[in-house]
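*Asks:* See run-v4.txt below, with compact mmCIF, N, CA and C atoms and all ligand atoms.
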# COMPACT_ATOMS: atom_id res chain seq x y z
N MET Z 1 0.84 -1.20 0.00
CA MET Z 1 0.00 0.00 0.00
C MET Z 1 0.88 1.25 0.00
N GLU Z 2 0.76 2.07 -1.05
CA GLU Z 2 1.54 3.31 -1.12
C GLU Z 2 0.79 4.41 -0.36
N ILE Z 3 1.51 5.04 0.55
CA ILE Z 3 0.88 6.03 1.42
C ILE Z 3 1.45 7.41 1.12
N ALA Z 4 0.54 8.39 0.92
CA ALA Z 4 0.95 9.77 0.71
C ALA Z 4 0.67 10.57 1.98
N LEU Z 5 1.72 11.21 2.49
CA LEU Z 5 1.58 12.03 3.71
C LEU Z 5 1.47 13.49 3.30
N ALA Z 6 0.54 14.21 3.93
CA ALA Z 6 0.44 15.65 3.69
C ALA Z 6 0.17 16.35 5.02
N GLU Z 7 0.78 17.52 5.18
CA GLU Z 7 0.58 18.28 6.41
C GLU Z 7 -0.58 19.24 6.22
N VAL Z 8 -1.76 18.68 6.10
CA VAL Z 8 -3.00 19.44 5.88
C VAL Z 8 -4.10 18.77 6.69
N VAL Z 9 -5.19 19.52 6.91
CA VAL Z 9 -6.33 18.91 7.58
C VAL Z 9 -7.13 18.10 6.55
N PRO Z 10 -7.85 17.08 7.01
CA PRO Z 10 -8.77 16.37 6.10
C PRO Z 10 -9.99 17.24 5.85
N THR Z 11 -10.83 16.84 4.91
CA THR Z 11 -12.10 17.54 4.74
C THR Z 11 -12.98 17.25 5.96
N VAL Z 12 -14.00 18.08 6.13
CA VAL Z 12 -14.91 17.88 7.27
C VAL Z 12 -15.57 16.51 7.19
N ASP Z 13 -16.03 16.13 6.01
CA ASP Z 13 -16.69 14.82 5.86
C ASP Z 13 -15.73 13.69 6.19
N GLU Z 14 -14.50 13.79 5.67
CA GLU Z 14 -13.51 12.74 5.94
C GLU Z 14 -13.21 12.65 7.44
N PHE Z 15 -13.03 13.83 8.04
CA PHE Z 15 -12.70 13.89 9.47
C PHE Z 15 -13.80 13.23 10.31
N CYS Z 16 -15.04 13.65 10.05
CA CYS Z 16 -16.16 13.11 10.85
C CYS Z 16 -16.31 11.61 10.60
N SER Z 17 -16.17 11.18 9.37
CA SER Z 17 -16.35 9.76 9.03
C SER Z 17 -15.25 8.90 9.64
N LEU Z 18 -13.99 9.37 9.57
CA LEU Z 18 -12.91 8.54 10.10
C LEU Z 18 -12.99 8.43 11.61
N ARG Z 19 -13.37 9.51 12.29
CA ARG Z 19 -13.55 9.41 13.75
C ARG Z 19 -14.55 8.31 14.09
N ILE Z 20 -15.66 8.29 13.37
CA ILE Z 20 -16.70 7.29 13.67
C ILE Z 20 -16.21 5.89 13.30
N ALA Z 21 -15.53 5.78 12.16
CA ALA Z 21 -15.07 4.46 11.69
C ALA Z 21 -14.13 3.79 12.68
N VAL Z 22 -13.35 4.61 13.42
CA VAL Z 22 -12.38 4.02 14.37
C VAL Z 22 -12.94 3.93 15.78
N GLY Z 23 -14.18 4.40 15.97
CA GLY Z 23 -14.79 4.27 17.29
C GLY Z 23 -14.60 5.46 18.20
N LEU Z 24 -14.07 6.57 17.65
CA LEU Z 24 -14.01 7.80 18.45
C LEU Z 24 -15.38 8.47 18.41
N SER Z 25 -15.62 9.42 19.30
CA SER Z 25 -16.93 10.05 19.39
C SER Z 25 -17.25 10.85 18.13
N ALA Z 26 -18.55 10.96 17.83
CA ALA Z 26 -18.98 11.75 16.66
C ALA Z 26 -18.77 13.23 16.95
N MET Z 27 -18.36 13.96 15.92
CA MET Z 27 -18.19 15.41 16.06
C MET Z 27 -19.21 16.14 15.19
N ASP Z 28 -19.66 17.29 15.68
CA ASP Z 28 -20.61 18.11 14.92
C ASP Z 28 -19.90 18.67 13.68
N PRO Z 29 -20.44 18.41 12.48
CA PRO Z 29 -19.76 18.85 11.26
C PRO Z 29 -19.57 20.36 11.17
N ALA Z 30 -20.56 21.13 11.62
CA ALA Z 30 -20.42 22.59 11.55
C ALA Z 30 -19.29 23.05 12.48
N ALA Z 31 -19.20 22.44 13.65
CA ALA Z 31 -18.12 22.79 14.58
C ALA Z 31 -16.77 22.36 14.00
N ALA Z 32 -16.75 21.21 13.34
CA ALA Z 32 -15.50 20.74 12.73
C ALA Z 32 -15.06 21.69 11.61
N ALA Z 33 -16.03 22.20 10.86
CA ALA Z 33 -15.68 23.13 9.76
C ALA Z 33 -15.01 24.38 10.30
N GLU Z 34 -15.42 24.83 11.47
CA GLU Z 34 -14.78 26.01 12.07
C GLU Z 34 -13.45 25.65 12.71
N ALA Z 35 -13.39 24.46 13.32
CA ALA Z 35 -12.23 24.10 14.13
C ALA Z 35 -11.03 23.64 13.31
N LEU Z 36 -11.27 22.85 12.27
CA LEU Z 36 -10.14 22.25 11.55
C LEU Z 36 -9.13 23.28 11.03
N PRO Z 37 -9.62 24.41 10.45
CA PRO Z 37 -8.63 25.40 9.98
C PRO Z 37 -7.83 26.05 11.10
N ARG Z 38 -8.30 25.91 12.35
CA ARG Z 38 -7.57 26.51 13.49
C ARG Z 38 -6.52 25.56 14.05
N SER Z 39 -6.35 24.41 13.42
CA SER Z 39 -5.31 23.47 13.87
C SER Z 39 -3.94 24.14 13.83
N LEU Z 40 -3.13 23.87 14.83
CA LEU Z 40 -1.74 24.34 14.78
C LEU Z 40 -0.95 23.53 13.77
N HIS Z 41 -1.28 22.24 13.70
CA HIS Z 41 -0.58 21.33 12.80
C HIS Z 41 -1.51 20.15 12.52
N ALA Z 42 -1.45 19.64 11.31
CA ALA Z 42 -2.28 18.48 10.98
C ALA Z 42 -1.53 17.61 10.00
N VAL Z 43 -1.82 16.33 10.05
CA VAL Z 43 -1.21 15.39 9.11
C VAL Z 43 -2.29 14.42 8.63
N THR Z 44 -2.27 14.16 7.32
CA THR Z 44 -3.16 13.15 6.76
C THR Z 44 -2.32 12.11 6.01
N LEU Z 45 -2.80 10.88 6.04
CA LEU Z 45 -2.22 9.81 5.23
C LEU Z 45 -3.30 9.34 4.26
N ARG Z 46 -2.93 9.23 3.00
CA ARG Z 46 -3.88 8.79 1.98
C ARG Z 46 -3.32 7.62 1.19
N SER Z 47 -4.23 6.71 0.85
CA SER Z 47 -3.90 5.60 -0.05
C SER Z 47 -4.80 5.73 -1.27
N GLU Z 48 -4.18 5.94 -2.41
CA GLU Z 48 -4.93 6.18 -3.66
C GLU Z 48 -5.99 7.25 -3.47
N GLY Z 49 -5.63 8.30 -2.74
CA GLY Z 49 -6.53 9.44 -2.56
C GLY Z 49 -7.48 9.32 -1.39
N THR Z 50 -7.62 8.12 -0.86
CA THR Z 50 -8.57 7.91 0.24
C THR Z 50 -7.87 8.13 1.58
N LEU Z 51 -8.52 8.91 2.45
CA LEU Z 51 -7.95 9.15 3.78
C LEU Z 51 -7.89 7.85 4.57
N VAL Z 52 -6.70 7.48 5.04
CA VAL Z 52 -6.55 6.27 5.87
C VAL Z 52 -5.98 6.59 7.25
N GLY Z 53 -5.49 7.82 7.44
CA GLY Z 53 -4.97 8.17 8.75
C GLY Z 53 -4.93 9.66 8.93
N MET Z 54 -4.99 10.08 10.21
CA MET Z 54 -4.92 11.53 10.48
C MET Z 54 -4.47 11.77 11.90
N GLY Z 55 -4.03 12.99 12.14
CA GLY Z 55 -3.69 13.43 13.49
C GLY Z 55 -3.57 14.94 13.47
N ARG Z 56 -3.82 15.55 14.64
CA ARG Z 56 -3.75 17.02 14.71
C ARG Z 56 -3.09 17.45 16.01
N VAL Z 57 -2.59 18.71 15.98
CA VAL Z 57 -2.15 19.39 17.19
C VAL Z 57 -2.97 20.67 17.27
N VAL Z 58 -3.58 20.90 18.42
CA VAL Z 58 -4.36 22.12 18.63
C VAL Z 58 -3.77 22.87 19.84
N GLY Z 59 -4.10 24.15 19.93
CA GLY Z 59 -3.62 24.94 21.06
C GLY Z 59 -3.10 26.28 20.62
N ASP Z 60 -2.34 26.92 21.50
CA ASP Z 60 -1.88 28.28 21.22
C ASP Z 60 -0.37 28.44 21.22
N GLY Z 61 0.33 27.32 21.31
CA GLY Z 61 1.79 27.40 21.30
C GLY Z 61 2.39 27.37 22.70
N LEU Z 62 1.62 27.85 23.69
CA LEU Z 62 2.06 27.70 25.09
C LEU Z 62 1.60 26.35 25.63
N HIS Z 63 0.31 26.07 25.36
CA HIS Z 63 -0.28 24.78 25.70
C HIS Z 63 -0.77 24.16 24.40
N VAL Z 64 -0.37 22.93 24.13
CA VAL Z 64 -0.87 22.26 22.93
C VAL Z 64 -1.34 20.86 23.30
N GLN Z 65 -2.27 20.37 22.50
CA GLN Z 65 -2.82 19.03 22.73
C GLN Z 65 -2.80 18.23 21.42
N ILE Z 66 -2.38 17.00 21.52
CA ILE Z 66 -2.40 16.09 20.38
C ILE Z 66 -3.76 15.40 20.36
N VAL Z 67 -4.45 15.50 19.24
CA VAL Z 67 -5.83 15.00 19.17
C VAL Z 67 -6.07 14.29 17.82
N ASP Z 68 -7.19 13.55 17.78
CA ASP Z 68 -7.71 12.98 16.53
C ASP Z 68 -6.74 12.03 15.84
N ILE Z 69 -5.94 11.31 16.63
CA ILE Z 69 -5.07 10.30 16.02
C ILE Z 69 -5.94 9.11 15.64
N ALA Z 70 -5.98 8.78 14.37
CA ALA Z 70 -6.83 7.69 13.92
C ALA Z 70 -6.28 7.06 12.65
N VAL Z 71 -6.38 5.74 12.59
CA VAL Z 71 -6.01 4.99 11.38
C VAL Z 71 -7.21 4.12 11.01
N ASP Z 72 -7.62 4.21 9.76
CA ASP Z 72 -8.77 3.44 9.29
C ASP Z 72 -8.59 1.96 9.64
N PRO Z 73 -9.64 1.31 10.14
CA PRO Z 73 -9.51 -0.10 10.53
C PRO Z 73 -8.88 -0.98 9.45
N ALA Z 74 -9.18 -0.70 8.18
CA ALA Z 74 -8.63 -1.52 7.09
C ALA Z 74 -7.13 -1.32 6.92
N ALA Z 75 -6.59 -0.25 7.50
CA ALA Z 75 -5.17 0.06 7.33
C ALA Z 75 -4.39 -0.07 8.65
N GLN Z 76 -5.05 -0.56 9.68
CA GLN Z 76 -4.37 -0.66 10.98
C GLN Z 76 -3.38 -1.82 11.00
N GLY Z 77 -2.46 -1.76 11.94
CA GLY Z 77 -1.49 -2.84 12.12
C GLY Z 77 -0.34 -2.80 11.14
N GLN Z 78 -0.16 -1.67 10.45
CA GLN Z 78 0.91 -1.54 9.46
C GLN Z 78 1.88 -0.41 9.80
N GLY Z 79 1.80 0.04 11.04
CA GLY Z 79 2.75 1.06 11.48
C GLY Z 79 2.37 2.48 11.11
N LEU Z 80 1.14 2.71 10.64
CA LEU Z 80 0.78 4.06 10.19
C LEU Z 80 0.67 5.05 11.35
N SER Z 81 0.26 4.57 12.53
CA SER Z 81 0.16 5.51 13.65
C SER Z 81 1.55 6.03 14.03
N ARG Z 82 2.57 5.21 13.85
CA ARG Z 82 3.94 5.69 14.12
C ARG Z 82 4.30 6.79 13.11
N VAL Z 83 3.91 6.62 11.85
CA VAL Z 83 4.19 7.65 10.83
C VAL Z 83 3.52 8.97 11.23
N ILE Z 84 2.28 8.87 11.68
CA ILE Z 84 1.54 10.08 12.10
C ILE Z 84 2.24 10.71 13.30
N MET Z 85 2.56 9.90 14.30
CA MET Z 85 3.17 10.44 15.52
C MET Z 85 4.57 11.00 15.27
N GLU Z 86 5.35 10.36 14.39
CA GLU Z 86 6.68 10.90 14.09
C GLU Z 86 6.56 12.28 13.44
N ASN Z 87 5.58 12.45 12.57
CA ASN Z 87 5.37 13.75 11.95
C ASN Z 87 4.96 14.77 13.00
N ILE Z 88 4.04 14.37 13.88
CA ILE Z 88 3.58 15.31 14.92
C ILE Z 88 4.73 15.65 15.88
N MET Z 89 5.56 14.68 16.22
CA MET Z 89 6.67 14.97 17.14
C MET Z 89 7.70 15.90 16.48
N ALA Z 90 7.84 15.81 15.16
CA ALA Z 90 8.75 16.74 14.46
C ALA Z 90 8.21 18.16 14.57
N PHE Z 91 6.88 18.30 14.50
CA PHE Z 91 6.28 19.63 14.69
C PHE Z 91 6.48 20.10 16.14
N ILE Z 92 6.23 19.20 17.08
CA ILE Z 92 6.37 19.56 18.49
C ILE Z 92 7.80 20.06 18.77
N ALA Z 93 8.76 19.46 18.09
CA ALA Z 93 10.17 19.83 18.31
C ALA Z 93 10.45 21.27 17.89
N THR Z 94 9.58 21.86 17.07
CA THR Z 94 9.78 23.25 16.64
C THR Z 94 9.24 24.25 17.66
N LEU Z 95 8.50 23.77 18.66
CA LEU Z 95 7.89 24.66 19.65
C LEU Z 95 8.90 24.98 20.74
N PRO Z 96 8.70 26.09 21.46
CA PRO Z 96 9.61 26.40 22.58
C PRO Z 96 9.62 25.28 23.61
N GLU Z 97 10.75 25.13 24.29
CA GLU Z 97 10.85 24.05 25.28
C GLU Z 97 9.87 24.21 26.42
N SER Z 98 9.39 25.46 26.62
CA SER Z 98 8.44 25.69 27.72
C SER Z 98 7.03 25.25 27.38
N THR Z 99 6.76 24.93 26.12
CA THR Z 99 5.40 24.53 25.72
C THR Z 99 4.99 23.25 26.46
N LEU Z 100 3.77 23.27 27.00
CA LEU Z 100 3.23 22.09 27.67
C LEU Z 100 2.43 21.28 26.65
N VAL Z 101 2.81 20.03 26.47
CA VAL Z 101 2.20 19.16 25.46
C VAL Z 101 1.38 18.07 26.17
N ASN Z 102 0.08 18.04 25.88
CA ASN Z 102 -0.80 17.11 26.56
C ASN Z 102 -1.55 16.24 25.56
N LEU Z 103 -2.07 15.14 26.05
CA LEU Z 103 -3.01 14.33 25.26
C LEU Z 103 -3.78 13.42 26.21
N PHE Z 104 -4.91 12.96 25.74
CA PHE Z 104 -5.65 11.91 26.43
C PHE Z 104 -5.42 10.63 25.64
N ALA Z 105 -4.85 9.65 26.29
CA ALA Z 105 -4.46 8.42 25.61
C ALA Z 105 -5.50 7.33 25.78
N ASP Z 106 -6.21 7.03 24.70
CA ASP Z 106 -7.10 5.86 24.73
C ASP Z 106 -6.25 4.59 24.67
N VAL Z 107 -5.11 4.69 24.02
CA VAL Z 107 -4.16 3.56 23.93
C VAL Z 107 -2.80 4.08 24.35
N ASP Z 108 -2.40 3.80 25.59
CA ASP Z 108 -1.18 4.43 26.10
C ASP Z 108 0.08 3.92 25.42
N TRP Z 109 0.05 2.67 24.89
CA TRP Z 109 1.24 2.12 24.22
C TRP Z 109 1.67 2.96 23.03
N LEU Z 110 0.70 3.68 22.44
CA LEU Z 110 1.03 4.48 21.26
C LEU Z 110 1.94 5.65 21.63
N TYR Z 111 1.82 6.16 22.84
CA TYR Z 111 2.48 7.40 23.22
C TYR Z 111 3.70 7.22 24.12
N HIS Z 112 3.75 6.10 24.85
CA HIS Z 112 4.91 5.88 25.73
C HIS Z 112 6.21 5.97 24.97
N LYS Z 113 6.24 5.39 23.77
CA LYS Z 113 7.50 5.32 23.03
C LYS Z 113 7.98 6.69 22.56
N PHE Z 114 7.08 7.68 22.59
CA PHE Z 114 7.47 9.04 22.21
C PHE Z 114 7.74 9.91 23.44
N GLY Z 115 7.80 9.27 24.61
CA GLY Z 115 8.21 9.98 25.82
C GLY Z 115 7.07 10.45 26.71
N PHE Z 116 5.83 10.21 26.30
CA PHE Z 116 4.71 10.64 27.13
C PHE Z 116 4.56 9.71 28.33
N ALA Z 117 4.20 10.31 29.46
CA ALA Z 117 4.04 9.55 30.69
C ALA Z 117 2.88 10.11 31.48
N VAL Z 118 2.30 9.28 32.31
CA VAL Z 118 1.22 9.74 33.19
C VAL Z 118 1.87 10.57 34.30
N PRO Z 119 1.46 11.84 34.45
CA PRO Z 119 2.11 12.67 35.46
C PRO Z 119 1.68 12.25 36.86
N ASP Z 120 2.59 12.41 37.82
CA ASP Z 120 2.23 12.03 39.19
C ASP Z 120 1.83 13.24 40.03
N HIS Z 121 1.93 14.45 39.44
CA HIS Z 121 1.66 15.65 40.22
C HIS Z 121 0.33 16.29 39.87
N THR Z 122 -0.39 15.71 38.88
CA THR Z 122 -1.63 16.33 38.45
C THR Z 122 -2.53 15.26 37.84
N THR Z 123 -3.81 15.57 37.69
CA THR Z 123 -4.77 14.60 37.15
C THR Z 123 -5.47 15.20 35.95
N GLY Z 124 -5.43 14.53 34.81
CA GLY Z 124 -6.18 14.97 33.64
C GLY Z 124 -7.67 14.79 33.90
N MET Z 125 -8.47 15.75 33.52
CA MET Z 125 -9.92 15.65 33.73
C MET Z 125 -10.65 16.00 32.45
N THR Z 126 -11.85 15.50 32.31
CA THR Z 126 -12.68 15.83 31.15
C THR Z 126 -14.10 16.01 31.62
N LEU Z 127 -14.85 16.84 30.89
CA LEU Z 127 -16.24 17.14 31.24
C LEU Z 127 -17.14 16.51 30.19
N HIS Z 128 -18.01 15.61 30.58
CA HIS Z 128 -18.95 15.01 29.64
C HIS Z 128 -20.20 15.87 29.55
N ARG Z 129 -20.47 16.43 28.38
CA ARG Z 129 -21.61 17.34 28.21
C ARG Z 129 -22.72 16.66 27.43
C1 LIG F 1 -4.55 3.47 17.89
C2 LIG F 1 -4.37 3.44 16.36
C3 LIG F 1 -4.19 4.89 15.89
C4 LIG F 1 -3.14 2.62 16.05
O1 LIG F 1 -2.93 2.69 14.65
P1 LIG F 1 -2.12 1.55 13.86
O2 LIG F 1 -1.61 2.20 12.60
O3 LIG F 1 -2.96 0.36 13.69
O4 LIG F 1 -0.96 1.21 14.85
P2 LIG F 1 0.47 0.70 14.36
O5 LIG F 1 0.30 -0.40 13.38
O6 LIG F 1 1.25 1.89 13.91
O7 LIG F 1 1.07 0.19 15.71
C5 LIG F 1 1.76 1.15 16.48
C6 LIG F 1 2.79 0.47 17.32
O8 LIG F 1 2.14 -0.07 18.49
C7 LIG F 1 2.37 -1.44 18.56
N1 LIG F 1 1.12 -2.02 19.05
C8 LIG F 1 0.02 -2.26 18.33
N2 LIG F 1 -0.93 -2.75 19.16
C9 LIG F 1 -0.39 -2.78 20.40
C10 LIG F 1 -0.88 -3.18 21.67
N3 LIG F 1 -2.13 -3.65 21.83
N4 LIG F 1 -0.06 -3.08 22.74
C11 LIG F 1 1.19 -2.61 22.59
N5 LIG F 1 1.72 -2.20 21.40
C12 LIG F 1 0.92 -2.30 20.32
C13 LIG F 1 2.74 -1.86 17.16
O9 LIG F 1 3.54 -3.01 17.22
C14 LIG F 1 3.51 -0.65 16.68
O10 LIG F 1 4.80 -0.62 17.26
P3 LIG F 1 6.03 0.13 16.52
O11 LIG F 1 5.60 1.56 16.23
O12 LIG F 1 7.14 0.07 17.51
O13 LIG F 1 6.28 -0.65 15.28
C15 LIG F 1 -5.57 2.81 15.64
O14 LIG F 1 -5.77 1.51 16.16
C16 LIG F 1 -6.85 3.60 15.82
O15 LIG F 1 -7.16 4.45 14.99
N6 LIG F 1 -7.59 3.29 16.89
C17 LIG F 1 -8.88 3.94 17.16
C18 LIG F 1 -8.71 5.41 17.50
C19 LIG F 1 -7.84 5.63 18.69
O16 LIG F 1 -7.89 4.94 19.71
N7 LIG F 1 -6.99 6.67 18.54
C20 LIG F 1 -6.10 7.08 19.61
C21 LIG F 1 -6.84 8.02 20.50
S1 LIG F 1 -5.84 8.52 21.89
Write out the structure in this file as structure tokens.
*Replies:*
Amino acid sequence: MEIALAEVVPTVDEFCSLRIAVGLSAMDPAAAAEALPRSLHAVTLRSEGTLVGMGRVVGDGLHVQIVDIAVDPAAQGQGLSRVIMENIMAFIATLPESTLVNLFADVDWLYHKFGFAVPDHTTGMTLHR
């Protein structure tokens, strides 16, 4: 499978569909249309033009969060999440050392190898609306 990497956001339809296909929560398309262009950094992987992987970094440069890491089920198990994360970590490396980089890990094995760890001095929280 030949994979094309691009540092761009996916389309709104692609973004919403891939989140659902991988079991992440559904996102409001109108909200996604406003939010995607505000990404600090984004990466897409395509096979013959079809989106098979994506990831984004959001935030303001002082605080950033890695979000929307997803690989289409048909393309999983081939190392594509590492390709996405290596691209994102290259972007992170361009930020000031004082930048705080956070994420919520549904699968912690994906992030440990890039140096992420569960902090012992604070607790990540989320609000279910
Ligand atoms: C999590 C997800 C992105 C992984 O994508 P993937 O392309 O199938 O993963 P990869 O094939 O790149 O595997 C990544 C690495 O983890 C390893 N790995 C895979 N499954 C593992 C497991 N259950 N436990 C430990 N390591 C595992 C692989 O061997 C590979 O190691 P390597 O990078 O050293 O070669 C994909 O399964 C997905 O989209 N899941 C649903 C959405 C999701 O949970 N996103 C993350 C939200 S935080």
*Asks:* Would you mind listing, for every residue of chain Z within 7 Å of ligand LIG 1 (chain F), the two atoms forming the shortest contact and the distance between them in Å to one decimal, using only N, CA and C atoms and all ligand atoms, sorted by chain and ascending residue number, as a Markdown table?
*Replies:*
| residue | atom | partner | partner_atom | distance |
| --- | --- | --- | --- | --- |
| Z:Ala21 | C | F:LIG1 | C17 | 6.9 |
| Z:Val22 | C | F:LIG1 | C17 | 4.3 |
| Z:Gly23 | N | F:LIG1 | C17 | 5.5 |
| Z:Leu24 | N | F:LIG1 | C18 | 5.5 |
| Z:Val67 | C | F:LIG1 | C21 | 6.9 |
| Z:Asp68 | C | F:LIG1 | N7 | 6.0 |
| Z:Ile69 | C | F:LIG1 | N7 | 3.9 |
| Z:Ala70 | CA | F:LIG1 | O15 | 3.4 |
| Z:Val71 | N | F:LIG1 | O15 | 2.8 |
| Z:Asp72 | N | F:LIG1 | O15 | 5.3 |
| Z:Pro73 | N | F:LIG1 | O15 | 6.3 |
| Z:Ala75 | C | F:LIG1 | O3 | 5.3 |
| Z:Gln76 | CA | F:LIG1 | O3 | 3.2 |
| Z:Gly77 | N | F:LIG1 | O3 | 2.8 |
| Z:Gln78 | N | F:LIG1 | O5 | 3.2 |
| Z:Gly79 | N | F:LIG1 | O5 | 2.8 |
| Z:Leu80 | N | F:LIG1 | O6 | 3.4 |
| Z:Ser81 | N | F:LIG1 | O2 | 3.0 |
| Z:Arg82 | N | F:LIG1 | O6 | 3.6 |
| Z:Val83 | N | F:LIG1 | O6 | 5.8 |
| Z:Leu103 | C | F:LIG1 | S1 | 6.8 |
| Z:Phe104 | C | F:LIG1 | S1 | 4.3 |
| Z:Ala105 | CA | F:LIG1 | S1 | 4.0 |
| Z:Asp106 | N | F:LIG1 | S1 | 3.2 |
| Z:Val107 | N | F:LIG1 | S1 | 4.4 |
| Z:Asp108 | N | F:LIG1 | S1 | 6.9 |
| Z:Trp109 | CA | F:LIG1 | C11 | 5.0 |
| Z:Leu110 | CA | F:LIG1 | O8 | 5.4 |
*Asks:* One number please: atom CA of Val58 of chain Z to atom N of Ala31 of chain Z, in Å, one decimal.
*Replies:*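 According to the coordinates, atom CA of Val58 of chain Z and atom N of Ala31 of chain Z are separated by 15.7 Å.
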*Asks:* Return the single residue from Z:Cys16, Z:Val57, Z:Leu5, Z:Leu62 that is closest to Thr99 of chain Z, with distances computed using only N, CA and C atoms.
*Replies:*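 Closest to Thr99 of chain Z of all the choices is Z:Leu62.
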*Asks:* Go through segment 21-60 of chain Z and collect every residue that DSSP, computed from the backbone, puts in strand (DSSP E); the answer should be as a list in words.
*Replies:* His41, Ala42, Val43, Thr44, Leu45, Arg46, Ser47, Thr50, Leu51, Val52, Gly53, Met54, Gly55, Arg56, Val57, Val58 and Gly59 of chain Z
*Asks:* Fewer than 3 positions away in the same chain doesn't count, so skip those; otherwise give me all residues within 8 Å of Val12 of chain Z, counting all atoms listed in the file, as a list in words.
*Replies:*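 In the requested format, the answer is Val9, Phe15, Cys16, Ser17, Leu18, Pro29, Ala30, Ala32, Ala33 and Leu36 of chain Z.
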*Asks:* What would the file look like if the residues just selected were written as a short mmCIF file (atom, residue, chain, number, x, y, z; two decimals), keeping the file's coordinate frame with N, CA and C atoms?
*Replies:*
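Generated file (again.cif):
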data_model
loop_
_atom_site.label_atom_id
_atom_site.label_comp_id
_atom_site.auth_asym_id
_atom_site.auth_seq_id
_atom_site.Cartn_x
_atom_site.Cartn_y
_atom_site.Cartn_z
N VAL Z 9 -5.19 19.52 6.91
CA VAL Z 9 -6.33 18.91 7.58
C VAL Z 9 -7.13 18.10 6.55
N PHE Z 15 -13.03 13.83 8.04
CA PHE Z 15 -12.70 13.89 9.47
C PHE Z 15 -13.80 13.23 10.31
N CYS Z 16 -15.04 13.65 10.05
CA CYS Z 16 -16.16 13.11 10.85
C CYS Z 16 -16.31 11.61 10.60
N SER Z 17 -16.17 11.18 9.37
CA SER Z 17 -16.35 9.76 9.03
C SER Z 17 -15.25 8.90 9.64
N LEU Z 18 -13.99 9.37 9.57
CA LEU Z 18 -12.91 8.54 10.10
C LEU Z 18 -12.99 8.43 11.61
N PRO Z 29 -20.44 18.41 12.48
CA PRO Z 29 -19.76 18.85 11.26
C PRO Z 29 -19.57 20.36 11.17
N ALA Z 30 -20.56 21.13 11.62
CA ALA Z 30 -20.42 22.59 11.55
C ALA Z 30 -19.29 23.05 12.48
N ALA Z 32 -16.75 21.21 13.34
CA ALA Z 32 -15.50 20.74 12.73
C ALA Z 32 -15.06 21.69 11.61
N ALA Z 33 -16.03 22.20 10.86
CA ALA Z 33 -15.68 23.13 9.76
C ALA Z 33 -15.01 24.38 10.30
N LEU Z 36 -11.27 22.85 12.27
CA LEU Z 36 -10.14 22.25 11.55
C LEU Z 36 -9.13 23.28 11.03
#
*Asks:* Quick one, how far is atom CA of Ile84 of chain Z from atom CA of Gly55 of chain Z?
*Replies:*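 Spanning atom CA of Ile84 of chain Z to atom CA of Gly55 of chain Z is a straight-line distance of 6.4 Å.
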*Asks:* In terms of the shortest atom-to-atom distance over all atoms listed in the file, which of Z:Met85, Z:Thr123, Z:Leu100, Z:Leu45 is closest to Gln65 of chain Z?
*Replies:*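 Closest candidate: Z:Leu100.
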*Asks:* May I have all residues of segment 7-46 of chain Z that DSSP, computed from the backbone, assigns to helix (DSSP H, G or I), given as a ChimeraX atom specification?
*Replies:* /Z:12-21,29-38
*Asks:* How far is it from atom CA of Ala26 of chain Z to atom CA of His128 of chain Z, in Å with one decimal?
*Replies:*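 Straight-line distance from atom CA of Ala26 of chain Z to atom CA of His128 of chain Z works out to 13.4 Å.
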*Asks:* Choose the residue, out of Z:Thr94, Z:Thr50, Z:Asn102, Z:Ser39, that has the smallest atom-to-atom separation from Ile66 of chain Z; count only N, CA and C atoms.
*Replies:* Z:Asn102
*Asks:* Do a neighbour search on Arg46 of chain Z at 8 Å with only N, CA and C atoms, toss out local chain neighbours closer than 2 positions, and write the hits as number ranges by chain.
*Replies:* Z: 1-6, 43-44, 48-54
*Asks:* Taking all atoms of segment 24-39 of chain Z that the file lists, what box with edges along x, y and z, padded by 5 Å per side, do you get, with centre and edge lengths in Å to one decimal, as JSON?
*Replies:*
{"center_x": -12.3, "center_y": 16.5, "center_z": 14.6, "size_x": 26.7, "size_y": 29.9, "size_z": 19.6}
